[in-house]
Structures are given as structure tokens and as C-alpha cells.
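**Student:** File structure_4.csv below, CSV, C-alpha atoms:
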chain,number,residue,atom,x,y,z
A,1,MET,CA,25.4,-3.0,8.3
A,2,SER,CA,27.2,-5.3,5.8
A,3,SER,CA,28.2,-4.1,2.3
A,4,ARG,CA,25.8,-6.7,0.9
A,5,ALA,CA,22.8,-5.2,2.8
A,6,LEU,CA,23.8,-1.6,1.9
A,7,SER,CA,24.2,-2.6,-1.8
A,8,GLU,CA,20.7,-4.1,-1.9
A,9,ILE,CA,19.3,-1.0,-0.2
A,10,CYS,CA,21.0,1.2,-2.8
A,11,ARG,CA,19.6,-1.0,-5.6
A,12,LEU,CA,16.2,-0.7,-4.1
A,13,GLU,CA,16.4,3.0,-3.9
A,14,ARG,CA,17.3,3.2,-7.6
A,15,THR,CA,14.6,0.8,-8.8
A,16,ARG,CA,11.6,1.9,-6.8
A,17,ASN,CA,9.6,5.0,-7.8
A,18,TYR,CA,8.8,5.8,-4.2
A,19,LEU,CA,12.5,6.0,-3.2
A,20,GLN,CA,15.4,8.3,-4.1
A,21,PRO,CA,19.1,7.6,-3.4
A,22,GLY,CA,19.8,8.2,0.3
A,23,ASP,CA,16.1,8.0,1.4
A,24,VAL,CA,16.7,4.9,3.7
A,25,SER,CA,19.7,6.4,5.5
A,26,LYS,CA,17.8,9.7,5.9
A,27,ALA,CA,14.9,7.8,7.4
A,28,VAL,CA,17.2,5.9,9.8
A,29,ARG,CA,18.8,9.2,10.9
A,30,MET,CA,15.5,10.9,11.3
A,31,TRP,CA,14.0,8.1,13.3
A,32,LYS,CA,17.1,7.9,15.5
A,33,ASP,CA,17.1,11.7,16.2
A,34,TYR,CA,13.4,11.6,16.9
A,35,VAL,CA,13.4,8.8,19.5
A,36,GLN,CA,16.2,10.4,21.4
A,37,ARG,CA,14.3,13.6,22.0
A,38,PRO,CA,13.1,14.4,25.6
A,39,GLU,CA,9.8,12.9,26.4
A,40,ARG,CA,8.1,16.3,26.9
A,41,GLN,CA,8.9,17.2,23.3
A,42,LEU,CA,7.6,13.9,22.1
A,43,TRP,CA,4.4,14.5,24.0
A,44,GLN,CA,4.1,18.0,22.6
A,45,ASP,CA,4.5,16.6,19.1
A,46,TYR,CA,1.7,14.1,19.8
A,47,GLU,CA,-0.6,16.7,21.2
A,48,TRP,CA,-0.1,19.6,18.8
A,49,GLY,CA,1.9,18.2,15.9
A,50,ASN,CA,5.2,19.6,14.8
A,51,VAL,CA,5.4,22.4,12.1
A,52,HIS,CA,8.9,21.4,11.2
A,53,TRP,CA,7.7,18.1,9.8
A,54,TYR,CA,6.2,19.9,6.8
A,55,CYS,CA,9.6,21.1,5.6
A,56,CYS,CA,12.1,18.6,7.2
A,57,GLY,CA,10.2,15.3,7.1
A,58,ASN,CA,7.9,13.4,9.4
A,59,PRO,CA,9.8,10.8,11.6
A,60,LEU,CA,6.7,8.6,11.9
A,61,GLU,CA,6.5,8.4,8.1
A,62,ALA,CA,10.3,7.7,8.0
A,63,ARG,CA,9.6,4.8,10.4
A,64,ALA,CA,6.8,3.5,8.1
A,65,LEU,CA,9.2,3.8,5.1
A,66,LEU,CA,11.7,1.6,7.0
A,67,ASP,CA,9.0,-1.0,7.5
A,68,ALA,CA,8.3,-1.0,3.8
A,69,VAL,CA,12.0,-1.3,2.9
A,70,MET,CA,12.5,-4.2,5.4
A,71,GLN,CA,9.7,-6.1,3.6
A,72,ALA,CA,11.1,-5.3,0.1
A,73,ILE,CA,14.7,-6.6,0.7
A,74,SER,CA,15.9,-10.1,1.2
A,75,PRO,CA,15.2,-11.7,4.6
A,76,ARG,CA,18.9,-11.8,5.5
A,77,ASN,CA,19.4,-8.2,4.8
A,78,ALA,CA,16.1,-7.3,6.4
A,79,ARG,CA,17.3,-8.9,9.6
A,80,GLU,CA,20.4,-6.5,9.6
A,81,LEU,CA,18.2,-3.5,9.1
A,82,ARG,CA,15.7,-4.7,11.6
A,83,LYS,CA,18.5,-5.0,14.2
A,84,VAL,CA,19.5,-1.4,13.6
A,85,VAL,CA,15.9,-0.1,13.7
A,86,GLY,CA,15.1,-2.3,16.6
A,87,ARG,CA,17.7,-0.6,18.8
A,88,MET,CA,15.9,2.7,18.1
A,89,ASP,CA,12.5,1.2,18.6
A,90,ALA,CA,13.7,0.0,22.1
A,91,VAL,CA,14.4,3.6,23.0
A,92,TRP,CA,11.0,4.6,21.7
A,93,ASN,CA,9.2,1.9,23.6
A,94,ARG,CA,11.1,2.4,26.9
A,95,PRO,CA,8.7,2.9,29.8
A,96,SER,CA,8.4,6.3,31.3
A,97,PRO,CA,9.9,6.9,34.7
A,98,PRO,CA,7.5,7.2,37.6
A,99,TYR,CA,6.4,10.7,38.3
A,100,ASP,CA,5.7,10.2,42.0
A,101,LEU,CA,9.2,9.6,43.4
A,102,GLY,CA,8.3,10.9,46.9
Starting from the file, lay out its structure as C-alpha cells.
**Tutor:**
Amino acid sequence: MSSRALSEICRLERTRNYLQPGDVSKAVRMWKDYVQRPERQLWQDYEWGNVHWYCCGNPLEARALLDAVMQAISPRNARELRKVVGRMDAVWNRPSPPYDLG
């Protein structure tokens, strides 16, 4: 991302009461790590939840935070962030492989 976009995100983190410095980068990292997990683990999280989310953060809430940030920053910088998040969303939305390969 450009220094202009990062600067605006840092300013947003300092001026909004729902953000702390580093929250956006933490949310990006959390979402990226989550979408790259094996599909069976994602299914288990969907079915039973994940106890680690209570201590380490919920990646679905992180993704919602990224949506809020993209709406709060300028359109030009939001496009940059949307491009980064969009690559991860593409992994998340990738279709499952067929199970009947025989």
C-alpha cells in the first residue's frame, strides 16, 4: 500500500474511539491467516466455533472492521485497501474441489 494510504489509516486509528494503533494491520493479518487455513478447519469453526477467538480475536469481526475502515477513508485509499483485502476474499470465496473424483 502507498504511504499516503498507510498515513490515512494511522490517522484514522488515532482519531476513532473504536480503533487503536495497529488494529487495521492486525485485522488484515488475522483475515489473511484465517482464509488460508484448510477447508476442514474452516468447517469446524463454522460448526462448533473456535475457542481461541475469545483470546486471540475473531477473524470474521476483523473482516467486518476492514469493511468499516474502507468506508471511513478516502475513496482512493479505500481502493488500495480493497485490493489487498480482495485478494484474501478471493481465497475465501474459492469454490471447493469436487469430492467425487472417481
**Student:** Need to verify the contact set: segment 62-70 of chain A, 10 Å, all atoms listed in the file, exclusion of same-chain residues closer than 6 positions in sequence. Can you return it as a compact mmCIF listing (two decimals) with C-alpha atoms, in the frame of the given file?
**Tutor:**
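Resulting contents of part-v5.txt:
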# COMPACT_ATOMS: atom_id res chain seq x y z
CA ILE A 9 19.30 -1.00 -0.20
CA LEU A 12 16.20 -0.70 -4.10
CA GLU A 13 16.40 3.00 -3.90
CA TYR A 18 8.80 5.80 -4.20
CA LEU A 19 12.50 6.00 -3.20
CA ASP A 23 16.10 8.00 1.40
CA VAL A 24 16.70 4.90 3.70
CA SER A 25 19.70 6.40 5.50
CA LYS A 26 17.80 9.70 5.90
CA ALA A 27 14.90 7.80 7.40
CA VAL A 28 17.20 5.90 9.80
CA ARG A 29 18.80 9.20 10.90
CA MET A 30 15.50 10.90 11.30
CA TRP A 31 14.00 8.10 13.30
CA LYS A 32 17.10 7.90 15.50
CA ARG A 76 18.90 -11.80 5.50
CA ASN A 77 19.40 -8.20 4.80
CA ALA A 78 16.10 -7.30 6.40
CA ARG A 79 17.30 -8.90 9.60
CA GLU A 80 20.40 -6.50 9.60
CA LEU A 81 18.20 -3.50 9.10
CA ARG A 82 15.70 -4.70 11.60
CA VAL A 85 15.90 -0.10 13.70
CA ASP A 89 12.50 1.20 18.60
**Student:** Please compute the atom CA of Asn93 of chain A-atom CA of Gln36 of chain A distance, one decimal, in Å.
**Tutor:**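 Taking atom CA of Asn93 of chain A and atom CA of Gln36 of chain A, their separation equals 11.2 Å.
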**Student:** Can you work out the spacing between atom CA of Gln20 of chain A and atom CA of Leu60 of chain A in Å, to one decimal?
**Tutor:**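 Computed distance, atom CA of Gln20 of chain A to atom CA of Leu60 of chain A, equals 18.2 Å.
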**Student:** Give me the box for segment 9-13 of chain A as JSON, namely the centre and edge lengths in Å to one decimal of a box along x, y and z that holds every listed atom plus 5 Å on each side.
**Tutor:**
{"center_x": 18.6, "center_y": 1.0, "center_z": -2.9, "size_x": 14.8, "size_y": 14.0, "size_z": 15.4}
**Student:** As an exercise, work out the distance from atom CA of Ser3 of chain A to atom CA of Met88 of chain A in Å and give it to one decimal place.
**Tutor:**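 A separation of 21.1 Å between them.
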**Student:** Considering all atoms listed in the file, state which residue in the set A:Glu61, A:Val35, A:Gly22, A:Ile73 is at the smallest distance from Glu8 of chain A.
**Tutor:**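 For Glu8 of chain A, the nearest of the given residues is A:Ile73.
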**Student:** Can you rebuild segment 2-17 of chain A with N, CA, C and O atoms and give it as a compact mmCIF listing (two decimals), keeping the file's coordinate frame?
**Tutor:**
# COMPACT_ATOMS: atom_id res chain seq x y z
N SER A 2 26.24 -4.67 6.74
CA SER A 2 27.20 -5.30 5.80
C SER A 2 27.10 -4.55 4.45
O SER A 2 26.09 -3.91 4.11
N SER A 3 28.16 -4.69 3.68
CA SER A 3 28.20 -4.10 2.30
C SER A 3 27.11 -4.71 1.45
O SER A 3 26.54 -4.05 0.58
N ARG A 4 26.82 -5.99 1.67
CA ARG A 4 25.80 -6.70 0.90
C ARG A 4 24.42 -6.05 1.15
O ARG A 4 23.66 -5.78 0.23
N ALA A 5 24.12 -5.77 2.42
CA ALA A 5 22.80 -5.20 2.80
C ALA A 5 22.75 -3.74 2.22
O ALA A 5 21.71 -3.34 1.66
N LEU A 6 23.83 -2.98 2.36
CA LEU A 6 23.80 -1.60 1.90
C LEU A 6 23.68 -1.59 0.34
O LEU A 6 23.00 -0.71 -0.21
N SER A 7 24.31 -2.54 -0.33
CA SER A 7 24.20 -2.60 -1.80
C SER A 7 22.76 -2.91 -2.21
O SER A 7 22.26 -2.32 -3.17
N GLU A 8 22.11 -3.81 -1.51
CA GLU A 8 20.70 -4.10 -1.90
C GLU A 8 19.81 -2.92 -1.60
O GLU A 8 18.90 -2.63 -2.39
N ILE A 9 20.07 -2.19 -0.53
CA ILE A 9 19.30 -1.00 -0.20
C ILE A 9 19.49 0.06 -1.32
O ILE A 9 18.54 0.69 -1.79
N CYS A 10 20.73 0.24 -1.75
CA CYS A 10 21.00 1.20 -2.80
C CYS A 10 20.31 0.81 -4.13
O CYS A 10 19.76 1.66 -4.82
N ARG A 11 20.33 -0.50 -4.43
CA ARG A 11 19.60 -1.00 -5.60
C ARG A 11 18.14 -0.73 -5.52
O ARG A 11 17.48 -0.30 -6.46
N LEU A 12 17.60 -0.97 -4.34
CA LEU A 12 16.20 -0.70 -4.10
C LEU A 12 15.83 0.74 -4.30
O LEU A 12 14.82 1.07 -4.92
N GLU A 13 16.68 1.61 -3.78
CA GLU A 13 16.40 3.00 -3.90
C GLU A 13 16.47 3.49 -5.39
O GLU A 13 15.75 4.41 -5.77
N ARG A 14 17.27 2.84 -6.19
CA ARG A 14 17.30 3.20 -7.60
C ARG A 14 16.18 2.63 -8.42
O ARG A 14 15.81 3.21 -9.45
N THR A 15 15.61 1.51 -7.99
CA THR A 15 14.60 0.80 -8.80
C THR A 15 13.16 1.10 -8.40
O THR A 15 12.25 0.79 -9.16
N ARG A 16 12.93 1.65 -7.23
CA ARG A 16 11.60 1.90 -6.80
C ARG A 16 11.21 3.37 -7.01
O ARG A 16 11.99 4.27 -6.70
N ASN A 17 10.00 3.61 -7.51
CA ASN A 17 9.60 5.00 -7.80
C ASN A 17 9.27 5.78 -6.54
O ASN A 17 9.19 7.00 -6.59
